[in-house]
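Note sheet for the following structure.
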Amino acid sequence: MTPAIADILKILVIAVLCFGIALVWTPWFIRWLKRHKMGKTIRDAASAPIAAKLHAAKAGTPTMGGVVIWVTVSAVILFFAGGCDWLHLDAACQLNFLSRGQTLLPLGALVAAALVGLVDDYFNIRRIGPAGGGLRMRHRLLSYTLIALVAAVWFFTKLDWDVVHIPFAGDIPFGLWYIPFFAFVIVATSFSVNETDGLDGLAGGTLLAAFGAYGVIAFSTGKVDLAAFCAAIFGALLAFVWHNVTPAAFFMGDTGAMALGTVLGIVAMLTNQPLLLPLIGLPFVVESASVLMQVTSKKLRNGKKIFRSSPLHHHLEAIGWGEPKIVMRFWVVSFVCAWIGVAIALIDRT
């Protein structure tokens, strides 16, 4: 068996394994969430009247579904790393994808961002915080910015990395400016993904396209462990989507959306293709931009709105599009943009 075939089999096995494990324990976790009344609180009618009306029937649906994804991925990667480093098992070593230069940082960021999101979700469920809405926005922004800065400093000092690749133009050295650029990419991506998490299957499907694309890009550059990490997320995320499509059995929550957005940004930086992220993750950009446009318009135009509701998926609901129609079309756009991004990355390497 050639090394390339062995690497592909490793990636496929990890993806299938994470899918299978997550699929098996998800029903138990959903029952646990229901038993402990971990239901989502819908946005109040005063701040978002249209969204509140459209989603009133979803009140009480379990949230924190992102736990399924990050716990499964963390358990699998640590299982193989422990089996290799401590027990010296050949099979574990062949499937081990924990490495200092490729996956240690995204794993740490995944868990850190997930834990912040978990606290926010719990506060939202128990109606703790301002207007019962979880952590204050400034506390959330500070927490994720801190995670992004720690990751940026790790890149700059531990990995000796300060260049950004421009497709078809080459690498551009940023020097110390790499740290704030890195932090911006991570924070912007995490909050943009979170804005997309508003309809059954929407964030999950669009994230599948993005992680699938970056997994291919990572593999094409020889970063097999990083590709395996993307495959692990892909597999666990696919199991989540199985239970999250309409009608959703549970929601992703901040513990999933913010964590996966954070990791997606880091993976983009690790592949040195952050400038392809706005294309590969176009739905996230559009969703976030619609919110910024709406807020800016209301402030500068005496309360006048551009959209009936924001993010964009709520506007589409408000004008009569059905939820499955919106989600499916977002998925189509996601996969088209993702594979255009992959094509650009592969052509750029030739």
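Just remember, in the structure tokens the first chain shown is A, the second B, etc., residues are 1-based per chain, and ligands are 1-based in the order shown.
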
Mind dumping a table of every stretch 181-261 of chain A residue within 10 Å of stretch 276-279 of chain A, with the nearest atom pair and its distance in Å to one decimal, using only C-alpha atoms, sorted by chain and rising number, as a Markdown table?
| residue | atom | partner | partner_atom | distance |
| --- | --- | --- | --- | --- |
| A:Val185 | CA | A:Leu277 | CA | 9.1 |
| A:Thr189 | CA | A:Leu277 | CA | 8.7 |
| A:Ala210 | CA | A:Leu277 | CA | 8.5 |
| A:Tyr214 | CA | A:Leu277 | CA | 9.2 |

(request) Tell me, as a PyMOL selection string, which residues lie within 7 Å of A:Gly66, counting only C-alpha atoms; anything in the same chain fewer than 5 positions away does not count. (result) chain A and resi 252-253+255-256

Using N, CA and C atoms, can you write the selected residues to a file as an mmCIF file, in the first residue's frame?
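And here is the file that came out, again.cif:
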data_model
loop_
_atom_site.group_PDB
_atom_site.id
_atom_site.type_symbol
_atom_site.label_atom_id
_atom_site.label_comp_id
_atom_site.auth_asym_id
_atom_site.auth_seq_id
_atom_site.Cartn_x
_atom_site.Cartn_y
_atom_site.Cartn_z
ATOM 1 N N MET A 252 -27.775 23.411 17.586
ATOM 2 C CA MET A 252 -26.332 23.409 17.785
ATOM 3 C C MET A 252 -25.921 24.232 19.000
ATOM 4 N N GLY A 253 -26.472 25.430 19.132
ATOM 5 C CA GLY A 253 -26.106 26.301 20.239
ATOM 6 C C GLY A 253 -24.751 26.953 20.037
ATOM 7 N N THR A 255 -22.198 26.579 21.881
ATOM 8 C CA THR A 255 -21.131 25.631 22.160
ATOM 9 C C THR A 255 -20.688 24.889 20.907
ATOM 10 N N GLY A 256 -21.545 24.893 19.882
ATOM 11 C CA GLY A 256 -21.165 24.301 18.608
ATOM 12 C C GLY A 256 -20.788 25.336 17.577
#

(request) Tell me which protein, DNA and RNA residues are within 9 Å of stretch 91-95 of chain A, counting only C-alpha atoms, leaving out same-chain ones fewer than 4 positions away, and put them as a PyMOL selection string. (result) chain A and resi 6+10-11+13-14+77+79-85+87

(message) Please compute the atom CA of A:Asp90-atom CA of A:Ser220 distance, one decimal, in Å.
(response) 25.5 Å

(request) For each of A:Val76, A:Val16, A:Leu260, A:Ala169, take the minimum atom-to-atom distance to A:Leu98, counting only C-alpha atoms, then give the residue where this is smallest. (result)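 Checking each candidate against A:Leu98, we get A:Val76 as the closest.
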
(request) Go through A:Phe234, A:Phe229, A:Phe168, A:Phe184 one by one, measure the shortest atom-to-atom distance of each to A:Ala152 using only C-alpha atoms, and give the residue with the smallest value. (result) A:Phe184

For stretch 138-224 of chain A against stretch 264-267 of chain A, with a cut-off of 9 Å and counting only C-alpha atoms, what is the closest atom pair and its distance in Å to one decimal for every residue that makes the cut, ordered by chain and number, as CSV?
residue,atom,partner,partner_atom,distance
A:Ala148,CA,A:Ile266,CA,8.7
A:Ala151,CA,A:Ile266,CA,8.1
A:Phe182,CA,A:Ile266,CA,8.3
A:Val185,CA,A:Gly265,CA,6.1
A:Ile186,CA,A:Gly265,CA,4.8
A:Val187,CA,A:Gly265,CA,8.1
A:Ala188,CA,A:Gly265,CA,8.4
A:Thr189,CA,A:Gly265,CA,5.9
A:Ser190,CA,A:Gly265,CA,7.5
A:Leu207,CA,A:Leu264,CA,8.5
A:Ala210,CA,A:Leu264,CA,7.8
A:Phe211,CA,A:Leu264,CA,7.0
A:Tyr214,CA,A:Val267,CA,7.2
A:Gly215,CA,A:Val267,CA,8.8
A:Ala218,CA,A:Val267,CA,8.5

File of the preceding selection, C-alpha atoms, as a PDB file, in the first residue's frame:
ATOM      1  CA  ALA A 148      -7.942  34.172  19.005  1.00  0.00           C
ATOM      2  CA  ALA A 151      -3.815  31.175  18.980  1.00  0.00           C
ATOM      3  CA  PHE A 182      -5.080  36.279  12.612  1.00  0.00           C
ATOM      4  CA  VAL A 185     -10.075  36.204  10.957  1.00  0.00           C
ATOM      5  CA  ILE A 186     -10.879  33.958  13.910  1.00  0.00           C
ATOM      6  CA  VAL A 187     -13.289  36.318  15.656  1.00  0.00           C
ATOM      7  CA  ALA A 188     -15.038  37.306  12.416  1.00  0.00           C
ATOM      8  CA  THR A 189     -15.447  33.684  11.351  1.00  0.00           C
ATOM      9  CA  SER A 190     -16.764  32.506  14.721  1.00  0.00           C
ATOM     10  CA  LEU A 207     -20.101  23.929   7.825  1.00  0.00           C
ATOM     11  CA  ALA A 210     -16.451  24.383   4.461  1.00  0.00           C
ATOM     12  CA  PHE A 211     -14.662  21.704   6.496  1.00  0.00           C
ATOM     13  CA  TYR A 214     -10.417  22.748   3.796  1.00  0.00           C
ATOM     14  CA  GLY A 215      -9.831  19.068   4.479  1.00  0.00           C
ATOM     15  CA  ALA A 218      -4.967  20.434   3.806  1.00  0.00           C
TER      16      ALA A 218
END
